[in-house]
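Here is the file protein-v1.txt (compact mmCIF, C-alpha atoms (C1' of nucleotides)).
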# COMPACT_ATOMS: atom_id res chain seq x y z
CA MET A 1 -10.72 98.32 -18.00
CA SER A 2 -12.39 101.55 -17.32
CA GLN A 3 -15.72 100.09 -16.44
CA ASN A 4 -17.50 97.04 -15.20
CA LYS A 5 -17.12 94.50 -17.98
CA SER A 6 -20.73 93.42 -18.07
CA SER A 7 -23.92 94.39 -16.40
CA THR A 8 -23.19 92.04 -13.50
CA PRO A 9 -23.77 94.00 -10.35
CA PHE A 10 -20.76 94.54 -8.15
CA VAL A 11 -21.14 93.53 -4.51
CA VAL A 12 -18.85 93.56 -1.53
CA VAL A 13 -19.32 90.67 0.88
CA LEU A 14 -17.94 90.95 4.38
CA GLN A 15 -18.02 87.86 6.56
CA GLY A 16 -16.53 86.76 9.84
CA PRO A 17 -17.35 85.06 13.11
CA THR A 18 -19.68 86.56 15.66
CA ALA A 19 -18.29 89.49 17.65
CA VAL A 20 -15.28 89.90 15.42
CA GLY A 21 -16.26 93.49 14.56
CA LYS A 22 -17.85 93.28 11.11
CA SER A 23 -20.44 96.01 11.54
CA ASP A 24 -18.00 98.83 12.19
CA LEU A 25 -15.92 98.00 9.16
CA ALA A 26 -19.04 97.66 7.04
CA LEU A 27 -20.20 101.13 8.02
CA GLU A 28 -16.86 102.67 7.07
CA LEU A 29 -16.83 100.79 3.81
CA ALA A 30 -20.36 101.76 2.89
CA ALA A 31 -19.55 105.39 3.59
CA SER A 32 -16.39 105.29 1.48
CA LEU A 33 -18.06 103.61 -1.48
CA GLY A 34 -21.32 105.46 -1.19
CA GLY A 35 -22.99 102.12 -0.78
CA TYR A 36 -25.57 100.57 1.48
CA ILE A 37 -25.68 97.54 3.72
CA ILE A 38 -27.55 94.27 3.35
CA SER A 39 -27.46 92.15 6.47
CA ALA A 40 -26.73 88.47 5.86
CA ASP A 41 -27.69 87.49 9.36
CA SER A 42 -30.36 84.93 10.11
CA ARG A 43 -31.21 86.58 13.46
CA GLN A 44 -30.98 90.29 12.84
CA ILE A 45 -33.71 89.80 10.26
CA TYR A 46 -36.13 89.58 13.19
CA SER A 47 -37.83 92.54 14.77
CA GLN A 48 -37.71 93.01 18.53
CA LEU A 49 -34.53 90.99 18.93
CA GLU A 50 -32.29 93.99 19.37
CA ILE A 51 -29.79 93.53 22.15
CA GLY A 52 -29.19 89.79 21.92
CA THR A 53 -28.53 89.84 18.19
CA ALA A 54 -26.20 92.84 18.48
CA LYS A 55 -28.10 94.80 15.87
CA PRO A 56 -26.57 98.06 14.70
CA LYS A 57 -27.63 101.02 16.82
CA PRO A 58 -30.32 103.41 15.60
CA GLU A 59 -27.72 106.09 14.75
CA GLU A 60 -25.84 103.59 12.65
CA LEU A 61 -28.97 102.47 10.87
CA LYS A 62 -29.60 106.10 10.11
CA ALA A 63 -26.08 106.90 8.95
CA VAL A 64 -26.07 104.21 6.27
CA GLU A 65 -29.08 102.61 4.68
CA HIS A 66 -29.58 99.03 5.93
CA PHE A 67 -31.71 96.20 4.58
CA LEU A 68 -32.90 92.89 5.97
CA ILE A 69 -32.74 94.03 9.56
CA GLY A 70 -35.79 93.71 11.77
CA GLU A 71 -38.07 92.87 8.84
CA LEU A 72 -39.57 89.68 10.17
CA ASP A 73 -41.78 88.85 13.11
CA PRO A 74 -40.10 86.41 15.54
CA LYS A 75 -42.94 83.98 14.97
CA GLN A 76 -42.13 83.69 11.28
CA ALA A 77 -39.67 81.19 9.90
CA PHE A 78 -36.95 82.34 7.54
CA SER A 79 -34.70 80.50 5.14
CA ALA A 80 -31.67 80.78 2.93
CA GLY A 81 -33.90 80.77 -0.13
CA GLU A 82 -35.97 83.61 1.19
CA PHE A 83 -32.82 85.53 1.99
CA VAL A 84 -31.54 85.11 -1.54
CA ARG A 85 -34.83 86.26 -3.05
CA ARG A 86 -34.98 89.37 -0.93
CA ALA A 87 -31.32 90.24 -1.37
CA GLN A 88 -31.48 89.82 -5.15
CA GLN A 89 -34.47 92.08 -5.34
CA ILE A 90 -32.83 94.80 -3.30
CA ILE A 91 -29.61 94.63 -5.28
CA SER A 92 -31.31 94.89 -8.66
CA LYS A 93 -33.60 97.68 -7.53
CA ARG A 94 -30.71 99.72 -6.12
CA SER A 95 -28.25 99.09 -8.90
CA PRO A 96 -25.74 100.60 -9.61
CA GLN A 97 -25.38 101.54 -5.95
CA ILE A 98 -22.97 99.17 -4.24
CA PRO A 99 -24.30 96.77 -1.63
CA ILE A 100 -22.07 95.76 1.24
CA ILE A 101 -23.36 92.37 2.29
CA VAL A 102 -22.35 91.83 5.90
CA GLY A 103 -23.15 89.01 8.19
CA GLY A 104 -22.13 85.89 9.99
CA THR A 105 -24.57 83.55 8.30
CA GLY A 106 -22.13 82.02 5.87
CA PHE A 107 -24.71 79.77 4.31
CA TYR A 108 -26.78 82.77 3.23
CA CYS A 109 -23.79 84.40 1.59
CA LYS A 110 -22.88 81.21 -0.19
CA ALA A 111 -26.46 80.74 -1.35
CA LEU A 112 -26.55 84.27 -2.74
CA LEU A 113 -23.23 83.96 -4.55
CA ASP A 114 -23.30 80.33 -5.68
CA GLY A 115 -27.03 79.79 -5.94
CA LEU A 116 -29.36 77.16 -4.60
CA SER A 117 -31.03 74.35 -6.51
CA ASN A 118 -34.58 75.13 -7.40
CA ILE A 119 -36.37 72.95 -4.89
CA PRO A 120 -40.15 73.18 -4.49
CA ALA A 121 -41.56 74.62 -1.31
CA VAL A 122 -42.61 72.30 1.48
CA SER A 123 -46.35 71.89 1.96
CA ASP A 124 -48.29 71.79 5.20
CA ALA A 125 -49.72 68.46 4.19
CA ALA A 126 -46.21 67.08 4.02
CA ARG A 127 -45.51 68.34 7.52
CA ARG A 128 -48.58 66.58 8.84
CA GLU A 129 -47.61 63.43 7.01
CA LEU A 130 -44.07 63.56 8.36
CA ALA A 131 -45.36 63.54 11.91
CA LEU A 132 -46.58 59.99 11.31
CA VAL A 133 -43.27 58.66 10.03
CA LYS A 134 -41.57 56.58 12.69
CA ASN A 135 -38.17 55.53 11.45
CA ARG A 136 -37.22 58.60 9.46
CA TYR A 137 -33.79 57.58 8.34
CA ALA A 138 -35.03 54.24 7.08
CA LYS A 139 -37.80 56.02 5.24
CA LEU A 140 -35.31 58.38 3.62
CA GLN A 141 -33.12 55.46 2.55
CA GLU A 142 -36.11 54.00 0.80
CA VAL A 143 -37.34 57.21 -0.79
CA ASP A 144 -34.08 59.07 -1.48
CA PRO A 145 -31.11 56.71 -1.20
CA VAL A 146 -28.75 59.25 -2.75
CA LEU A 147 -29.41 61.77 0.00
CA ALA A 148 -29.51 59.14 2.73
CA GLU A 149 -26.09 57.94 1.66
CA LYS A 150 -24.66 61.39 2.31
CA LEU A 151 -26.31 61.92 5.68
CA HIS A 152 -25.45 60.55 9.08
CA PRO A 153 -28.43 58.72 10.62
CA ASN A 154 -28.38 61.19 13.51
CA ASP A 155 -28.58 64.28 11.33
CA SER A 156 -32.25 64.78 12.10
CA ALA A 157 -32.62 68.23 10.55
CA ARG A 158 -31.47 67.19 7.08
CA ILE A 159 -33.26 63.86 7.20
CA GLU A 160 -36.43 65.76 8.00
CA ARG A 161 -35.87 68.21 5.18
CA GLY A 162 -35.26 65.41 2.69
CA LEU A 163 -38.48 63.71 3.69
CA LEU A 164 -40.47 66.93 3.59
CA VAL A 165 -39.33 67.66 0.06
CA TYR A 166 -40.19 64.14 -1.01
CA LEU A 167 -43.58 64.21 0.67
CA SER A 168 -44.36 67.59 -0.89
CA SER A 169 -43.17 66.98 -4.42
CA GLY A 170 -43.18 63.22 -4.79
CA LYS A 171 -39.57 63.45 -5.95
CA PRO A 172 -36.36 62.88 -4.03
CA LEU A 173 -34.59 66.02 -2.88
CA SER A 174 -31.39 64.79 -4.48
CA SER A 175 -33.09 64.74 -7.89
CA PHE A 176 -33.22 68.54 -7.81
CA TRP A 177 -29.50 68.96 -7.38
CA GLN A 178 -28.78 68.46 -11.07
CA GLN A 179 -31.36 70.96 -12.12
CA GLU A 180 -30.47 74.47 -13.05
CA GLN A 181 -29.46 76.61 -10.15
CA ALA A 182 -31.09 79.92 -9.54
CA VAL A 183 -27.86 81.83 -9.59
CA GLY A 184 -28.01 85.58 -9.51
CA SER A 185 -24.59 86.22 -10.85
CA TYR A 186 -22.61 88.93 -9.16
CA ASP A 187 -19.18 90.36 -9.41
CA ALA A 188 -18.32 89.84 -5.77
CA PHE A 189 -15.37 91.02 -3.76
CA SER A 190 -15.32 88.80 -0.68
CA VAL A 191 -13.63 89.79 2.52
CA LEU A 192 -13.12 87.67 5.62
CA LEU A 193 -12.50 89.36 8.91
CA LEU A 194 -10.72 87.28 11.53
CA ARG A 195 -9.30 87.57 14.98
CA GLU A 196 -7.08 85.39 17.13
CA ARG A 197 -9.15 82.62 18.74
CA GLN A 198 -8.47 83.47 22.35
CA GLU A 199 -9.19 87.14 21.75
CA LEU A 200 -12.40 86.32 19.93
CA TYR A 201 -13.62 84.17 22.82
CA GLU A 202 -12.85 86.95 25.28
CA ARG A 203 -14.78 89.44 23.17
CA ILE A 204 -17.74 87.09 23.09
CA ASN A 205 -17.73 86.76 26.87
CA LEU A 206 -17.54 90.50 27.33
CA ARG A 207 -20.26 91.10 24.79
CA LEU A 208 -22.68 88.81 26.62
CA ASP A 209 -21.97 90.61 29.89
CA LYS A 210 -22.62 93.88 28.16
CA MET A 211 -25.88 92.62 26.69
CA ILE A 212 -27.12 91.81 30.17
CA ALA A 213 -26.04 95.26 31.36
CA ASP A 214 -27.83 96.80 28.38
CA GLY A 215 -31.12 95.17 29.29
CA LEU A 216 -31.25 91.84 27.48
CA LEU A 217 -33.41 90.34 30.22
CA GLN A 218 -35.94 93.15 29.94
CA GLU A 219 -36.02 92.63 26.20
CA ILE A 220 -36.79 88.96 26.65
CA GLN A 221 -39.34 89.76 29.33
CA GLU A 222 -41.14 92.09 26.92
CA LEU A 223 -41.13 89.49 24.17
CA LEU A 224 -42.70 86.96 26.50
CA ALA A 225 -45.22 89.51 27.71
CA SER A 226 -46.16 90.26 24.10
CA GLY A 227 -47.09 86.65 23.53
CA TYR A 228 -43.93 85.29 21.97
CA GLU A 229 -42.98 81.80 23.00
CA TRP A 230 -39.72 79.96 23.41
CA SER A 231 -40.69 77.69 20.56
CA ASP A 232 -40.98 80.59 18.10
CA PRO A 233 -38.26 80.63 15.42
CA GLY A 234 -36.91 83.99 16.52
CA LEU A 235 -36.33 82.88 20.07
CA ASN A 236 -34.33 79.88 18.95
CA THR A 237 -31.34 82.14 19.04
CA VAL A 238 -28.10 82.05 20.94
CA GLY A 239 -28.30 84.75 23.55
CA TYR A 240 -32.02 84.17 24.06
CA LYS A 241 -32.74 80.47 24.32
CA GLU A 242 -30.19 79.97 27.08
CA PHE A 243 -32.24 82.17 29.39
CA GLN A 244 -35.38 80.07 29.22
CA PRO A 245 -34.46 78.10 32.37
CA PHE A 246 -33.89 81.38 34.19
CA PHE A 247 -37.33 82.71 33.28
CA GLN A 248 -38.83 79.38 34.27
CA LYS A 249 -37.01 79.54 37.58
CA GLU A 250 -35.07 76.36 36.92
CA LYS A 251 -31.59 77.81 36.79
CA SER A 252 -29.77 80.84 38.08
CA LEU A 253 -28.99 83.82 35.92
CA THR A 254 -25.28 83.07 36.25
CA GLU A 255 -25.70 79.55 34.95
CA CYS A 256 -27.74 80.71 31.98
CA LEU A 257 -25.34 83.50 31.17
CA GLU A 258 -22.42 81.08 31.22
CA LYS A 259 -24.33 78.79 28.88
CA ALA A 260 -25.03 81.68 26.53
CA LYS A 261 -21.35 82.53 26.42
CA GLN A 262 -20.47 78.90 25.84
CA ASP A 263 -22.97 78.54 23.00
CA SER A 264 -21.69 81.72 21.40
CA ARG A 265 -18.13 80.45 21.52
CA ASN A 266 -19.15 77.12 20.02
CA PHE A 267 -21.03 78.99 17.33
CA ALA A 268 -17.99 81.10 16.49
CA LYS A 269 -15.90 77.96 16.17
CA ARG A 270 -18.41 76.46 13.75
CA GLN A 271 -18.33 79.64 11.69
CA LEU A 272 -14.55 79.53 11.52
CA THR A 273 -14.67 75.95 10.28
CA TRP A 274 -17.14 76.96 7.59
CA TYR A 275 -15.05 79.91 6.42
CA ARG A 276 -11.94 77.77 6.02
CA LYS A 277 -13.28 76.17 2.89
CA ILE A 278 -14.73 79.34 1.38
CA LYS A 279 -12.60 81.33 -1.04
CA PHE A 280 -12.05 84.97 -0.12
CA ASP A 281 -10.39 87.74 -2.08
CA LEU A 282 -9.02 89.26 1.06
CA THR A 283 -8.57 88.03 4.61
CA LEU A 284 -8.10 90.69 7.25
CA SER A 285 -7.15 90.69 10.85
CA ALA A 286 -9.58 92.70 12.93
CA GLY A 287 -8.23 95.45 15.09
CA SER A 288 -6.00 97.09 12.53
CA ASP A 289 -6.92 99.83 10.10
CA ASN A 290 -8.48 97.68 7.43
CA LEU A 291 -10.44 100.20 5.41
CA PRO A 292 -7.45 101.50 3.42
CA THR A 293 -6.38 97.94 2.66
CA ILE A 294 -9.74 97.13 1.14
CA LEU A 295 -9.96 100.37 -0.79
CA SER A 296 -6.52 100.04 -2.32
CA ARG A 297 -7.29 96.52 -3.43
CA LEU A 298 -10.51 97.68 -5.01
CA GLN A 299 -8.71 100.54 -6.72
CA ILE A 300 -6.48 98.02 -8.45
CA GLU A 301 -9.00 95.31 -9.16
CA ARG A 302 -12.16 97.34 -9.77
CA PRO A 303 -10.88 100.73 -10.97
CA TRP A 304 -14.21 101.71 -12.48
CA LEU A 305 -15.58 102.12 -9.01
CA PHE A 306 -13.53 105.21 -8.41
C1' G B 1 -11.77 68.92 69.27
C1' G B 2 -15.62 64.64 68.03
C1' C B 3 -18.05 61.73 64.19
C1' G B 4 -18.61 61.28 58.90
C1' G B 5 -17.74 62.12 53.35
C1' G B 6 -14.10 62.92 49.69
C1' A B 7 -9.09 63.30 46.93
C1' U B 8 -9.30 59.68 39.34
C1' A B 9 -8.50 63.76 32.13
C1' G B 10 -8.76 71.31 31.98
C1' C B 11 -13.98 70.93 34.87
C1' U B 12 -18.07 67.71 37.14
C1' C B 13 -17.83 62.91 38.32
C1' A B 14 -18.31 56.88 37.18
C1' G B 15 -15.27 52.82 38.25
C1' U B 16 -18.87 46.66 39.36
C1' U B 17 -16.61 40.36 43.70
C1' G B 18 -8.55 43.43 43.43
C1' G B 19 -6.50 42.13 36.76
C1' U B 20 -2.38 49.14 35.17
C1' A B 21 -9.26 53.42 33.86
C1' G B 22 -14.19 55.79 31.41
C1' A B 23 -18.58 59.21 30.65
C1' G B 24 -20.59 64.21 30.17
C1' C B 25 -18.85 69.09 29.49
C1' A B 26 -14.77 72.09 27.79
C1' G B 27 -10.80 72.16 24.12
C1' A B 28 -9.31 70.72 19.04
C1' G B 29 -10.55 69.07 14.00
C1' G B 30 -14.47 68.25 10.38
C1' C B 31 -19.44 68.10 7.73
C1' C B 32 -23.17 71.31 5.72
C1' U B 33 -28.10 72.55 -1.17
C1' G B 34 -34.47 76.89 1.95
C1' A B 35 -34.45 75.75 10.57
C1' A B 36 -27.58 77.40 9.22
C1' A B 37 -27.10 81.73 15.93
C1' A B 38 -30.01 75.24 13.16
C1' G B 39 -28.50 70.07 12.68
C1' C B 40 -24.53 66.52 12.83
C1' C B 41 -19.59 63.63 12.96
C1' U B 42 -14.51 62.57 14.86
C1' U B 43 -11.03 63.08 18.92
C1' G B 44 -9.42 61.14 26.03
C1' U B 45 -1.82 58.01 28.48
C1' G B 46 -4.07 60.76 33.08
C1' U B 47 2.06 61.07 39.29
C1' C B 48 -5.99 57.23 39.73
C1' C B 49 -3.07 62.82 46.59
C1' C B 50 1.72 60.80 49.09
C1' C B 51 4.40 56.73 51.71
C1' A B 52 4.59 51.79 53.38
C1' G B 53 2.20 46.92 53.56
C1' U B 54 -0.82 42.44 51.83
C1' U B 55 -0.96 40.04 46.93
C1' C B 56 1.29 36.86 41.04
C1' A B 57 -1.55 41.58 40.45
C1' A B 58 -4.21 47.62 44.11
C1' G B 59 -7.69 53.39 41.62
C1' U B 60 -9.93 49.16 44.09
C1' C B 61 -7.83 45.93 50.52
C1' U B 62 -4.76 47.45 55.33
C1' G B 63 -1.85 51.12 58.16
C1' G B 64 0.20 56.01 58.42
C1' G B 65 0.46 60.94 56.44
C1' U B 66 -1.33 65.51 53.73
C1' C B 67 -5.24 68.50 51.87
C1' C B 68 -10.46 69.57 51.02
C1' U B 69 -15.55 69.16 52.82
C1' G B 70 -20.43 68.13 55.94
C1' C B 71 -22.67 67.80 60.71
C1' C B 72 -21.88 68.30 66.02
C1' A B 73 -19.23 71.05 69.63
Translate this file's structure into structure tokens.
Amino acid sequence: MSQNKSSTPFVVVLQGPTAVGKSDLALELAASLGGYIISADSRQIYSQLEIGTAKPKPEELKAVEHFLIGELDPKQAFSAGEFVRRAQQIISKRSPQIPIIVGGTGFYCKALLDGLSNIPAVSDAARRELALVKNRYAKLQEVDPVLAEKLHPNDSARIERGLLVYLSSGKPLSSFWQQEQAVGSYDAFSVLLLRERQELYERINLRLDKMIADGLLQEIQELLASGYEWSDPGLNTVGYKEFQPFFQKEKSLTECLEKAKQDSRNFAKRQLTWYRKIKFDLTLSAGSDNLPTILSRLQIERPWLF
RNA sequence: GGCGGGAUAGCUCAGUUGGUAGAGCAGAGGCCUGAAAAGCCUUGUGUCCCCAGUUCAAGUCUGGGUCCUGCCA
């Protein structure tokens, strides 16, 4: 047991709801293990969204090497598949350095660890064709009954995705599930960082107030002035989209700020629901001195690291 | 002080010709195979402000209180 049993790369995964305090712990952990950080965050991947996505500060980005932060233009769409591809590449290139994968996008972490079915990319032609489909759920029932069975008729996003895959490939999305999964197998140590609900909600509220104080509105103003639009993927982000009515002079700043806080709280709740069914090696309560706890566990379970 | 409007779920409010009440939001729980900070589902017994009256029956009508609120003074 003196070394990693196979060549499977070792990764630490740190997850938790928004505003719980993941970044600080990740920095400490990376420093202790001599590792680097990969952000598993569907919003921090965008450039120019600094304040509202609570990106690490420049000093922090300098102290520890970070990946997948600010790499994408807000006009570009991103996806779980793309995340997995990029993360895998970074991990293999950097091996045997230890990546600390930190982020609140649970789906990305799951996709990286458990793999995604190998589903063909969606074509532009399919998108154009989809625009002509009237009753989408009925169409999906006809074309991919297996998927339709699993979806609620109101679940527009997944119905759309199912149809796009069918229109692109000519095969039902569900037919790809059985196929081999593109699993990059890792020896992962998964940590969940939690906080008491009430306290988490209070932190979220305070964080939004602080974002405004730190110049969130100016940041949005600059984005708009640079030609970004509210319909761009990057701006479809909690902490940004709620301020559209303010910039369009339809609602007061207070109203928009309250909505942003509300949406963040709802988001945190959804994250917590997601994490409940994910298996973690260690669940920690934020606020205490968690670094030693993680390190001692690793010393026992992954002695070759030390 | 005068003339109005209102008092119903944590919040904002609906409630039809009287038959013991319902939406949105919040809260809570859940789903999730390339938009996941997205998308979606489930979940509402509360002194209908108080007292008295009419009535088989009052959130709903009548009278009297109390407290908000708008305009005029």
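The nearest approach to B:G15 among the residues B:G59, B:G70, B:G30, B:G39, with only C-alpha atoms (C1' of nucleotides) taken into account, belongs to B:G59.
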For this session: Find the residues of chain A in contact range of chain B, meaning any atom within 10 Å when counting only C-alpha atoms (C1' of nucleotides), and list them as a ChimeraX atom specification.
Result: /A:18,41-44,53,77-84,104-108,111,115-122,151-159,161,173-174,176-177,181,233,236-240,262-264,267-268,270-271,273-274
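Taking atom CA of A:Tyr228 and atom CA of A:Glu50 as the two end points, the separation is 14.8 Å.
Here atom CA of A:Asp73 is placed at a distance of 9.7 Å from atom CA of A:Asp232.
Taking all atoms listed in the file into account, the protein, DNA and RNA residues within 12 Å of (-5.0, 65.4, 45.0) read B:G6, B:A7, B:U8, B:U47, B:C48, B:C49, B:C50, B:U66, B:C67, B:C68.
Residues lying within 12 Å of B:G2, counting only C-alpha atoms (C1' of nucleotides) and ignoring same-chain neighbours fewer than 2 positions away, are G4, C71, C72 and A73 of chain B.
Proximity to A:Gly70 was assessed for A:Asp144, A:Arg94, A:Gly234, A:Val191 counting only C-alpha atoms; the smallest distance is recorded for A:Gly234.
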Exercise. Could you name the residues that touch stretch 204-216 of chain A at 6 Å or less, counting all atoms listed in the file, but leaving out those on the same chain fewer than 3 positions away, as a ChimeraX atom specification?
Worked result: /A:19,51,201,219,261
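Nearest residue to A:Leu29, choosing from A:Ser285, A:Val102, A:Phe247, A:Ser226 and counting only C-alpha atoms: A:Val102.
For the pair atom CA of A:Ser92 and atom CA of A:Gly21, the interatomic distance is 27.7 Å.
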For the point (-9.3, 91.7, 14.5) in the file's frame, write as a CSV table (one decimal) with C-alpha atoms, in the frame of the given file all residues with an atom no more than 6 Å away, counting only C-alpha atoms (C1' of nucleotides).
chain,number,residue,atom,x,y,z
A,194,LEU,CA,-10.7,87.3,11.5
A,195,ARG,CA,-9.3,87.6,15.0
A,285,SER,CA,-7.2,90.7,10.8
A,286,ALA,CA,-9.6,92.7,12.9
A,287,GLY,CA,-8.2,95.4,15.1
Exercise. Which residues come within 8 Å of A:Ala188, counting all atoms listed in the file, excluding same-chain residues fewer than 5 positions away, as a list in words?
Worked result: Phe10, Val11, Val12, Val13 and Leu113 of chain A
Problem set entry | Residue neighbourhood B:G22, 10 Å, only C-alpha atoms (C1' of nucleotides), exclusion window fewer than 4 positions, as number ranges by chain | B: 9, 14-15, 44
Taking all atoms of stretch 8-13 of chain B that the file lists, what box with edges along x, y and z, padded by 6 Å per side, do you get, with centre and edge lengths in Å to one decimal, as lines of an AutoDock Vina configuration file?
center_x = -13.3
center_y = 65.5
center_z = 35.7
size_x = 21.6
size_y = 23.6
size_z = 19.4
